[in-house]
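Below is data32.cif, holding mmCIF, C-alpha atoms.
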data_target
loop_
_atom_site.label_atom_id
_atom_site.label_comp_id
_atom_site.auth_asym_id
_atom_site.auth_seq_id
_atom_site.Cartn_x
_atom_site.Cartn_y
_atom_site.Cartn_z
CA MET A 1 106.54 79.71 103.56
CA ALA A 2 109.57 79.32 105.73
CA TYR A 3 110.38 82.29 107.92
CA SER A 4 113.90 82.93 109.11
CA SER A 5 114.58 82.44 112.83
CA LYS A 6 115.01 86.21 113.19
CA VAL A 7 111.56 86.88 111.73
CA ILE A 8 110.03 84.31 114.04
CA ASP A 9 111.85 85.79 117.01
CA HIS A 10 110.54 89.30 116.26
CA TYR A 11 107.08 87.92 115.53
CA GLU A 12 106.88 85.97 118.77
CA ASN A 13 108.62 88.57 120.92
CA PRO A 14 107.95 91.87 119.17
CA ARG A 15 109.99 94.74 120.61
CA ASN A 16 108.45 98.09 121.39
CA VAL A 17 104.82 97.31 120.68
CA GLY A 18 102.54 100.13 121.75
CA SER A 19 101.74 103.78 121.31
CA LEU A 20 103.23 107.15 122.16
CA PRO A 21 101.06 110.21 122.77
CA LYS A 22 100.15 111.40 119.29
CA GLU A 23 99.67 115.02 120.39
CA ASP A 24 103.15 115.33 121.94
CA PRO A 25 105.11 117.85 119.79
CA ASN A 26 108.21 115.65 120.13
CA VAL A 27 106.42 112.56 118.83
CA GLY A 28 106.20 111.78 115.14
CA THR A 29 103.61 109.27 113.89
CA GLY A 30 103.75 107.38 110.63
CA LEU A 31 100.74 105.39 109.45
CA VAL A 32 101.23 103.45 106.23
CA GLY A 33 99.53 100.64 104.34
CA ALA A 34 100.97 97.92 102.13
CA PRO A 35 99.44 97.98 98.68
CA GLU A 36 100.43 94.35 98.12
CA CYS A 37 98.63 92.73 100.99
CA GLY A 38 96.46 95.21 102.86
CA ASP A 39 98.69 95.40 105.94
CA VAL A 40 98.64 98.52 108.09
CA MET A 41 101.59 99.70 110.12
CA LYS A 42 101.87 102.50 112.68
CA LEU A 43 105.32 103.58 113.78
CA GLN A 44 106.10 106.39 116.23
CA VAL A 45 109.31 108.09 117.31
CA LYS A 46 109.91 110.33 120.28
CA VAL A 47 112.75 112.79 119.82
CA ASN A 48 114.63 114.31 122.73
CA PRO A 49 114.36 118.08 122.08
CA GLU A 50 117.71 118.71 123.79
CA THR A 51 119.84 116.21 121.89
CA GLY A 52 117.83 115.57 118.73
CA ILE A 53 118.18 111.87 119.40
CA ILE A 54 115.31 109.42 119.14
CA ASP A 55 114.97 108.08 122.65
CA ASP A 56 111.84 106.03 122.16
CA ALA A 57 110.10 104.24 119.31
CA LYS A 58 106.91 102.21 119.25
CA PHE A 59 105.00 100.33 116.60
CA LYS A 60 101.80 98.50 116.04
CA THR A 61 101.34 96.45 112.88
CA PHE A 62 98.41 94.45 111.63
CA GLY A 63 99.71 92.11 109.00
CA CYS A 64 101.89 89.15 108.28
CA GLY A 65 104.88 87.97 110.28
CA SER A 66 107.38 89.72 108.04
CA ALA A 67 105.58 93.06 108.37
CA ILE A 68 105.55 92.72 112.16
CA ALA A 69 109.21 91.68 112.25
CA SER A 70 110.25 94.52 109.91
CA SER A 71 108.60 97.17 112.05
CA SER A 72 109.81 95.59 115.30
CA LEU A 73 113.38 95.63 114.00
CA ALA A 74 112.96 99.20 112.78
CA THR A 75 111.99 100.45 116.25
CA GLU A 76 115.03 98.71 117.72
CA TRP A 77 117.30 100.41 115.22
CA LEU A 78 115.68 103.83 115.62
CA LYS A 79 116.44 104.20 119.29
CA GLY A 80 119.62 106.17 119.87
CA LYS A 81 119.79 107.51 116.35
CA THR A 82 119.46 111.13 115.27
CA VAL A 83 116.64 112.06 112.91
CA GLU A 84 119.10 112.21 110.00
CA GLN A 85 120.56 108.81 110.83
CA ALA A 86 117.04 107.41 111.04
CA LEU A 87 116.30 108.61 107.53
CA ALA A 88 119.35 106.72 106.31
CA ILE A 89 117.83 103.34 107.26
CA LYS A 90 117.09 101.50 104.04
CA ASN A 91 114.65 98.71 103.45
CA THR A 92 117.51 96.61 102.09
CA ASP A 93 119.16 96.75 105.53
CA ILE A 94 116.00 95.20 106.96
CA VAL A 95 115.83 92.57 104.21
CA GLU A 96 119.40 91.59 104.93
CA GLU A 97 119.05 91.48 108.70
CA LEU A 98 115.83 89.43 108.63
CA ALA A 99 116.75 87.35 105.56
CA LEU A 100 113.41 88.19 103.99
CA PRO A 101 112.50 86.23 100.86
CA PRO A 102 111.79 88.22 97.68
CA VAL A 103 108.00 87.94 98.10
CA LYS A 104 108.26 89.69 101.46
CA ILE A 105 110.48 92.57 100.42
CA HIS A 106 107.44 94.87 100.31
CA CYS A 107 107.16 94.43 104.10
CA SER A 108 110.57 96.04 104.53
CA VAL A 109 109.60 98.81 102.12
CA LEU A 110 106.57 99.43 104.28
CA ALA A 111 108.78 99.73 107.38
CA GLU A 112 111.06 102.22 105.62
CA ASP A 113 108.00 104.22 104.51
CA ALA A 114 106.71 104.19 108.09
CA ILE A 115 110.03 105.56 109.40
CA LYS A 116 110.00 108.34 106.79
CA ALA A 117 106.35 109.15 107.52
CA ALA A 118 107.00 109.32 111.27
CA ILE A 119 110.02 111.59 110.85
CA SER A 120 108.18 113.80 108.40
CA ASP A 121 105.26 114.11 110.85
CA TYR A 122 107.71 115.04 113.61
CA LYS A 123 109.39 117.69 111.43
CA LYS A 124 106.03 119.11 110.42
CA LYS A 125 105.08 119.49 114.08
CA GLN A 126 108.37 121.23 114.86
CA ASP A 127 107.96 123.58 111.90
CA ALA A 128 104.43 124.37 112.99
CA GLN A 129 105.85 125.43 116.33
CA GLY A 130 108.10 127.88 114.53
CA GLN A 131 111.31 126.24 115.59
CA PRO A 132 113.70 124.12 113.59
CA ALA A 133 113.27 120.44 114.32
CA ALA A 134 115.85 119.14 116.74
CA GLY A 135 118.49 117.25 114.83
CA ALA A 136 116.93 118.26 111.51
CA THR A 137 119.61 120.82 110.74
CA THR A 138 123.35 120.57 110.78
CA GLN A 139 123.63 123.95 112.48
CA PRO A 140 123.47 123.94 116.26
CA THR A 141 120.33 125.70 117.43
CA ALA A 142 121.51 127.67 120.41
CA MET B 1 83.50 91.27 74.61
CA THR B 2 84.07 93.75 71.81
CA SER B 3 83.45 97.43 72.26
CA SER B 4 79.89 98.49 71.64
CA HIS B 5 81.11 101.51 69.72
CA THR B 6 82.06 99.38 66.76
CA HIS B 7 78.94 98.51 64.83
CA HIS B 8 79.43 94.91 63.86
CA LEU B 9 76.77 93.12 62.00
CA GLN B 10 75.27 89.92 63.24
CA VAL B 11 74.68 87.13 60.76
CA CYS B 12 71.40 85.27 60.75
CA ARG B 13 72.11 81.52 60.96
CA THR B 14 68.70 80.80 59.48
CA CYS B 15 68.68 82.88 56.29
CA GLY B 16 72.24 84.17 56.13
CA GLY B 17 71.15 87.80 56.17
CA GLY B 18 72.84 90.56 58.14
CA ALA B 19 71.37 92.30 61.17
CA PRO B 20 72.39 95.31 63.28
CA VAL B 21 74.23 94.40 66.44
CA ASP B 22 71.52 95.09 68.99
CA VAL B 23 68.47 93.53 67.40
CA HIS B 24 67.31 90.13 68.55
CA PHE B 25 65.36 88.97 65.51
CA CYS B 26 66.47 88.83 61.88
CA PRO B 27 65.09 91.79 59.90
CA SER B 28 64.87 89.57 56.79
CA CYS B 29 63.36 86.29 57.97
CA THR B 30 62.15 87.37 61.48
CA LYS B 31 63.79 84.34 63.14
CA ILE B 32 65.53 84.71 66.49
CA LEU B 33 69.26 85.36 66.06
CA THR B 34 71.93 83.24 67.69
CA LEU B 35 74.11 85.18 70.07
CA GLY B 36 77.28 86.04 68.22
CA ARG B 37 78.27 89.62 68.36
CA GLN B 38 76.35 91.76 70.75
CA GLY B 39 76.95 95.13 72.31
CA ASP B 40 76.69 95.27 76.06
CA TYR B 41 74.06 94.69 78.70
CA PHE B 42 72.73 98.24 78.38
CA SER B 43 72.24 98.11 74.64
CA PHE B 44 70.96 94.52 74.78
CA LEU B 45 68.09 95.77 76.93
CA SER B 46 67.89 98.99 74.84
CA LEU B 47 68.64 101.03 77.93
CA PRO B 48 70.78 104.18 77.86
CA ARG B 49 74.26 103.80 79.36
CA LYS B 50 73.24 105.69 82.49
CA LEU B 51 73.48 105.03 86.20
CA ASN B 52 70.20 106.37 87.55
CA LEU B 53 67.91 103.94 85.77
CA ASP B 54 64.30 103.51 86.76
CA PRO B 55 64.01 100.00 88.25
CA ALA B 56 60.52 99.70 86.78
CA LEU B 57 61.89 100.40 83.29
CA ILE B 58 64.62 97.74 83.67
CA GLU B 59 62.02 95.28 84.90
CA GLN B 60 59.71 96.09 82.00
CA LYS B 61 62.44 95.65 79.36
CA PHE B 62 63.54 92.40 80.98
CA ARG B 63 60.04 90.94 81.08
CA ALA B 64 59.26 91.88 77.49
CA LEU B 65 62.45 90.27 76.14
CA SER B 66 62.11 87.33 78.47
CA ARG B 67 58.75 86.52 76.91
CA GLN B 68 60.12 86.87 73.37
CA PHE B 69 63.11 84.62 74.01
CA HIS B 70 61.44 82.01 76.16
CA PRO B 71 62.59 78.48 75.21
CA ASP B 72 58.99 77.20 75.56
CA TYR B 73 58.09 79.07 72.37
CA TYR B 74 60.84 77.33 70.46
CA TYR B 75 59.96 73.81 71.48
CA ASN B 76 59.10 72.83 67.92
CA ALA B 77 61.53 75.17 66.18
CA THR B 78 64.77 74.29 64.40
CA PRO B 79 67.86 73.45 66.48
CA THR B 80 69.39 76.80 65.46
CA GLU B 81 66.42 78.72 66.83
CA ARG B 82 66.29 76.61 69.98
CA ARG B 83 69.94 77.34 70.61
CA ALA B 84 69.39 81.04 69.90
CA SER B 85 66.52 81.17 72.37
CA LEU B 86 68.64 79.59 75.10
CA GLU B 87 71.58 81.88 74.40
CA ARG B 88 69.51 85.05 74.42
CA SER B 89 67.58 84.00 77.54
CA SER B 90 70.78 83.29 79.40
CA TYR B 91 72.48 86.52 78.31
CA LEU B 92 69.33 88.43 79.20
CA ASN B 93 69.36 86.98 82.71
CA ASP B 94 73.00 88.00 83.18
CA ALA B 95 72.25 91.49 81.92
CA TYR B 96 69.25 91.86 84.18
CA ARG B 97 71.06 90.60 87.26
CA THR B 98 73.94 92.99 86.61
CA LEU B 99 71.96 96.12 85.82
CA ARG B 100 69.22 95.66 88.41
CA GLN B 101 71.53 96.41 91.37
CA PRO B 102 73.03 99.92 91.37
CA ALA B 103 76.30 98.53 92.82
CA SER B 104 76.90 95.99 90.06
CA ARG B 105 75.54 98.45 87.48
CA VAL B 106 78.25 101.02 88.19
CA ALA B 107 80.98 98.35 88.25
CA TYR B 108 79.73 97.05 84.90
CA LEU B 109 79.61 100.55 83.41
CA LEU B 110 83.25 101.04 84.40
CA GLU B 111 84.10 97.73 82.74
CA VAL B 112 82.43 98.53 79.42
CA GLU B 113 83.94 102.00 79.49
CA GLY B 114 87.32 100.30 79.86
CA VAL B 115 88.42 101.87 83.15
CA LEU B 116 87.92 98.84 85.39
CA LYS B 117 89.11 95.37 84.53
CA PRO B 118 87.66 92.41 86.41
CA SER B 119 91.19 91.73 87.70
CA ASP B 120 91.21 95.23 89.24
CA HIS B 121 88.88 93.91 91.89
CA GLU B 122 92.07 92.49 93.36
CA ALA B 123 92.88 96.12 94.10
CA ALA B 124 90.01 96.08 96.57
CA LYS B 125 92.28 94.17 98.94
CA LYS B 126 94.65 97.11 99.16
CA VAL B 127 94.22 99.72 101.84
CA PRO B 128 93.31 103.03 100.18
CA ALA B 129 95.25 105.91 101.78
CA SER B 130 91.98 107.64 102.64
CA LEU B 131 90.97 104.67 104.79
CA LEU B 132 94.23 103.98 106.66
CA GLU B 133 93.06 105.62 109.89
CA GLU B 134 89.79 103.72 109.94
CA VAL B 135 91.45 100.41 109.07
CA PHE B 136 94.01 100.80 111.82
CA ALA B 137 91.43 101.81 114.42
CA LEU B 138 89.18 98.92 113.41
CA ASN B 139 92.02 96.43 113.73
CA GLU B 140 92.76 97.73 117.22
CA GLU B 141 89.12 97.41 118.23
CA LEU B 142 88.94 93.88 116.84
CA ASP B 143 92.01 92.96 118.88
CA ASP B 144 90.27 94.28 121.99
CA VAL B 145 87.12 92.33 121.18
CA ARG B 146 89.14 89.13 120.78
CA GLU B 147 90.83 89.79 124.10
CA MET B 148 87.47 90.39 125.78
CA ARG B 149 86.15 87.12 124.40
CA ALA B 150 89.28 85.23 125.35
CA SER B 151 88.98 86.48 128.92
CA GLY B 152 85.35 85.42 129.10
CA ALA B 153 83.62 88.81 128.91
CA PRO B 154 79.82 88.64 128.66
CA GLU B 155 78.50 88.45 125.13
CA ASP B 156 76.54 91.71 125.23
CA ALA B 157 79.69 93.53 126.37
CA TRP B 158 81.89 92.42 123.46
CA ARG B 159 79.02 92.77 121.02
CA ALA B 160 78.57 96.37 122.11
CA ARG B 161 82.29 96.91 121.57
CA LEU B 162 82.05 95.40 118.11
CA ALA B 163 79.15 97.69 117.25
CA THR B 164 81.25 100.69 118.31
CA ALA B 165 84.06 99.44 116.06
CA ALA B 166 81.68 99.16 113.11
CA GLY B 167 80.36 102.71 113.56
CA PRO B 168 83.07 104.67 111.70
CA ILE B 169 83.19 102.14 108.86
CA GLU B 170 79.43 102.30 108.44
CA ALA B 171 79.61 106.10 108.45
CA LYS B 172 82.30 105.88 105.78
CA ARG B 173 80.09 103.65 103.70
CA ALA B 174 77.19 106.10 103.96
CA GLU B 175 79.53 108.91 102.89
CA HIS B 176 80.62 106.78 99.94
CA GLU B 177 77.10 106.07 98.86
CA ALA B 178 76.42 109.80 98.80
CA GLN B 179 79.54 110.45 96.71
CA LEU B 180 78.64 107.66 94.31
CA GLN B 181 75.16 109.06 93.92
CA GLU B 182 76.50 112.53 93.19
CA LEU B 183 78.94 111.16 90.58
CA SER B 184 76.21 109.02 89.02
CA THR B 185 74.03 112.08 88.55
CA ARG B 186 76.97 113.91 86.98
CA TRP B 187 77.63 110.97 84.64
CA ASP B 188 74.01 110.86 83.51
CA ALA B 189 74.02 114.60 82.77
CA LEU B 190 77.16 114.47 80.59
CA GLN B 191 76.79 115.42 76.96
CA ASP B 192 78.04 113.24 74.11
CA GLY B 193 81.46 114.31 73.00
CA ASP B 194 82.54 115.69 76.37
CA ASP B 195 85.44 113.24 76.50
CA ALA B 196 87.41 115.08 79.17
CA GLY B 197 84.36 115.28 81.41
CA ARG B 198 83.58 111.60 80.84
CA GLN B 199 87.08 110.52 81.73
CA ALA B 200 87.14 112.62 84.90
CA VAL B 201 83.83 111.22 86.14
CA LEU B 202 84.80 107.66 85.21
CA ASN B 203 88.08 107.91 87.10
CA ALA B 204 86.35 109.32 90.19
CA LEU B 205 83.74 106.58 90.00
CA ARG B 206 86.44 103.94 89.70
CA GLU B 207 88.15 105.17 92.86
CA ARG B 208 84.87 105.17 94.76
CA VAL B 209 83.99 101.66 93.57
CA LEU B 210 87.34 100.20 94.62
CA GLU B 211 87.12 101.94 98.00
CA ARG B 212 83.61 100.70 98.48
CA ASN B 213 84.72 97.14 97.81
CA TYR B 214 87.33 97.58 100.51
CA ILE B 215 84.78 99.02 102.95
CA ASN B 216 82.53 96.05 102.29
CA ASN B 217 85.47 93.74 103.02
CA LEU B 218 85.95 95.50 106.37
CA LEU B 219 82.28 95.15 107.22
CA ALA B 220 82.52 91.47 106.30
CA THR B 221 85.47 91.16 108.69
CA ILE B 222 83.35 92.65 111.47
CA GLU B 223 80.55 90.27 110.58
CA ARG B 224 82.93 87.29 110.77
CA GLU B 225 84.06 88.45 114.18
CA ALA B 226 80.42 88.72 115.30
CA THR B 227 79.70 85.18 114.20
CA GLY B 228 82.89 83.92 115.82
CA THR B 229 84.63 82.82 112.63
CA GLY B 230 87.24 85.59 112.61
CA GLY B 231 90.71 85.51 114.02
CA PRO B 232 94.21 86.82 113.55
CA GLN B 233 96.14 85.45 110.61
CA LEU B 234 99.87 84.97 110.37
#

Will you turn the file into structure tokens for me?
Amino acid sequence: MAYSSKVIDHYENPRNVGSLPKEDPNVGTGLVGAPECGDVMKLQVKVNPETGIIDDAKFKTFGCGSAIASSSLATEWLKGKTVEQALAIKNTDIVEELALPPVKIHCSVLAEDAIKAAISDYKKKQDAQGQPAAGATTQPTA
Amino acid sequence: MTSSHTHHLQVCRTCGGGAPVDVHFCPSCTKILTLGRQGDYFSFLSLPRKLNLDPALIEQKFRALSRQFHPDYYYNATPTERRASLERSSYLNDAYRTLRQPASRVAYLLEVEGVLKPSDHEAAKKVPASLLEEVFALNEELDDVREMRASGAPEDAWRARLATAAGPIEAKRAEHEAQLQELSTRWDALQDGDDAGRQAVLNALRERVLERNYINNLLATIEREATGTGGPQL
């Protein structure tokens, strides 16, 4: 199949590959699998507790080029966004940006799922600490 | 294959008489029946549809039928009987091969009970949620092993690393075997008519079987890496 130049670029030079400390209360980890092809994708966000802004994102994906490109692009987009803005990223945005063919749309769905799983893990950690997650509420938490 | 719950009659091609579905010889003329309608592998071997079957009993049933169907005995018989002998011998071999191994026996049971279609084995390629952690960790380890090999690490070093990677998957497989065994015992103890209980056990068995297929795929991946035929795929 023909990959778009953007997919190839992300595949050959993936951004933000790696891991963040899983135990860090400001790090959220999302681990998801693609039912269509058996890919696995791990995506992590690190939220600045002061500002509620995601200041780092990492991923590691075992799968096809489109899955790697989708998660690589997702980490690029996540940096600098608030948690709420991150949740607004849709798989269709990724499809459009990477010009994914219909058979590879599930890779973008996987990336969106990974973002949601990472954010949900982060929020769970914050709740467990008895404090509202930074950026998770519209009210300022003085 | 039709459901074994419907009691079709077989028709004897020799005398035209009718015969119950799971007999092998015509009750009227005693000739061997051609294979038309039959039940399933369990009923063909007159075994109960259970999972913990005594291997000696399966063996004994197989040998007895094998003797009765053997084409050598039909050397001088009519073409119809010769064909029937070949058909029954061949079906018997399939039944024996399938039921002899506990792994294929449970998969077959799920098929005849209608909860697992052969095409569902495609589902074994999917990562079950319960295995995501292990799959991810294994992939990372395999990456490391490939890197070690690429940088010329000694063979016993990367082999040791590969063995470490296989550990959790092998533990998972052992855990699965135990769960399968427990469910098999529950299935065998079910009473006729307990439809809700049957369905619950069948669904749990189905999940285990599909997961096990996936675990076996992972172990095969490790094996390929060990023999040097693995590698990343785009």

Using only C-alpha atoms and a distance of at most 6 Å, pull out the residues of chain A that contact chain B, as a list in words.
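The complete set of qualifying residues is Gly33, Pro35, Gly38, Cys64 and Gly65 of chain A.
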
Using the file's own x, y and z axes, so that the box edges lie along x, y and z, what centre and edge lengths in Å (one decimal) does a box around every listed atom of segment 17-20 of chain B get when 6 Å is added on each side? Give it as AutoDock Vina command-line options.
--center_x 72.0 --center_y 91.6 --center_z 59.7 --size_x 13.7 --size_y 19.5 --size_z 19.1

If the PyMOL selection byres ((chain A and resi 120) around 12) is run on the structure shown, which residues does it catch, given as a PyMOL selection string?
chain A and resi 26-31+43-45+83-84+86-87+113-119+121-127+133+136

Nearest candidate to Arg15 of chain A (options A:Lys81, A:His106, A:Lys90, A:Lys60; using all atoms listed in the file)
A:Lys60

Shell of 9 Å around Arg13 of chain B, all atoms listed in the file, local chain residues under 4 positions omitted, as a PyMOL selection string:
chain B and resi 17+33-34+80-81

Top pick for closest residue to Cys12 of chain B, considering B:Leu202, B:Leu51, B:Met148, B:Cys26 and counting only C-alpha atoms:
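Checking each of B:Leu202, B:Leu51, B:Met148, B:Cys26 against Cys12 of chain B, counting only C-alpha atoms, the winner is B:Cys26.
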
Need the shell around Leu65 of chain B: protein/DNA/RNA residues with any atom at most 12 Å away, counting all atoms listed in the file. Skip same-chain ones fewer than 4 positions apart. Format as a CSV table (one decimal) with C-alpha atoms, keeping the file's coordinate frame?
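Result file selection_13.csv:
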chain,number,residue,atom,x,y,z
B,23,VAL,CA,68.5,93.5,67.4
B,24,HIS,CA,67.3,90.1,68.6
B,25,PHE,CA,65.4,89.0,65.5
B,32,ILE,CA,65.5,84.7,66.5
B,44,PHE,CA,71.0,94.5,74.8
B,45,LEU,CA,68.1,95.8,76.9
B,46,SER,CA,67.9,99.0,74.8
B,58,ILE,CA,64.6,97.7,83.7
B,59,GLU,CA,62.0,95.3,84.9
B,60,GLN,CA,59.7,96.1,82.0
B,61,LYS,CA,62.4,95.6,79.4
B,69,PHE,CA,63.1,84.6,74.0
B,70,HIS,CA,61.4,82.0,76.2
B,71,PRO,CA,62.6,78.5,75.2
B,85,SER,CA,66.5,81.2,72.4
B,88,ARG,CA,69.5,85.0,74.4
B,89,SER,CA,67.6,84.0,77.5
B,90,SER,CA,70.8,83.3,79.4
B,91,TYR,CA,72.5,86.5,78.3
B,92,LEU,CA,69.3,88.4,79.2
B,93,ASN,CA,69.4,87.0,82.7
B,95,ALA,CA,72.2,91.5,81.9
B,96,TYR,CA,69.2,91.9,84.2

Atom CA of Asp93 of chain A and atom CA of Asn13 of chain A are how many Å apart?
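Distance between the two atoms: 20.4 Å.
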
I'd like to see the residues matched by the PyMOL selection byres ((chain B and resi 181) around 12) on this file, and ideally I'd get them as a compact mmCIF listing (two decimals) with C-alpha atoms, in the coordinates of the input.
# COMPACT_ATOMS: atom_id res chain seq x y z
CA LEU B 51 73.48 105.03 86.20
CA ASN B 52 70.20 106.37 87.55
CA PRO B 102 73.03 99.92 91.37
CA ALA B 103 76.30 98.53 92.82
CA VAL B 106 78.25 101.02 88.19
CA ALA B 174 77.19 106.10 103.96
CA GLU B 175 79.53 108.91 102.89
CA HIS B 176 80.62 106.78 99.94
CA GLU B 177 77.10 106.07 98.86
CA ALA B 178 76.42 109.80 98.80
CA GLN B 179 79.54 110.45 96.71
CA LEU B 180 78.64 107.66 94.31
CA GLU B 182 76.50 112.53 93.19
CA LEU B 183 78.94 111.16 90.58
CA SER B 184 76.21 109.02 89.02
CA THR B 185 74.03 112.08 88.55
CA ARG B 186 76.97 113.91 86.98
CA TRP B 187 77.63 110.97 84.64
CA ASP B 188 74.01 110.86 83.51
CA VAL B 201 83.83 111.22 86.14
CA ALA B 204 86.35 109.32 90.19
CA LEU B 205 83.74 106.58 90.00
CA ARG B 208 84.87 105.17 94.76
CA VAL B 209 83.99 101.66 93.57

Interatomic distance, atom CA of Ile94 of chain A to atom CA of Ser4 of chain A (Å, one decimal):
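For atom CA of Ile94 of chain A relative to atom CA of Ser4 of chain A, the distance reads 12.6 Å.
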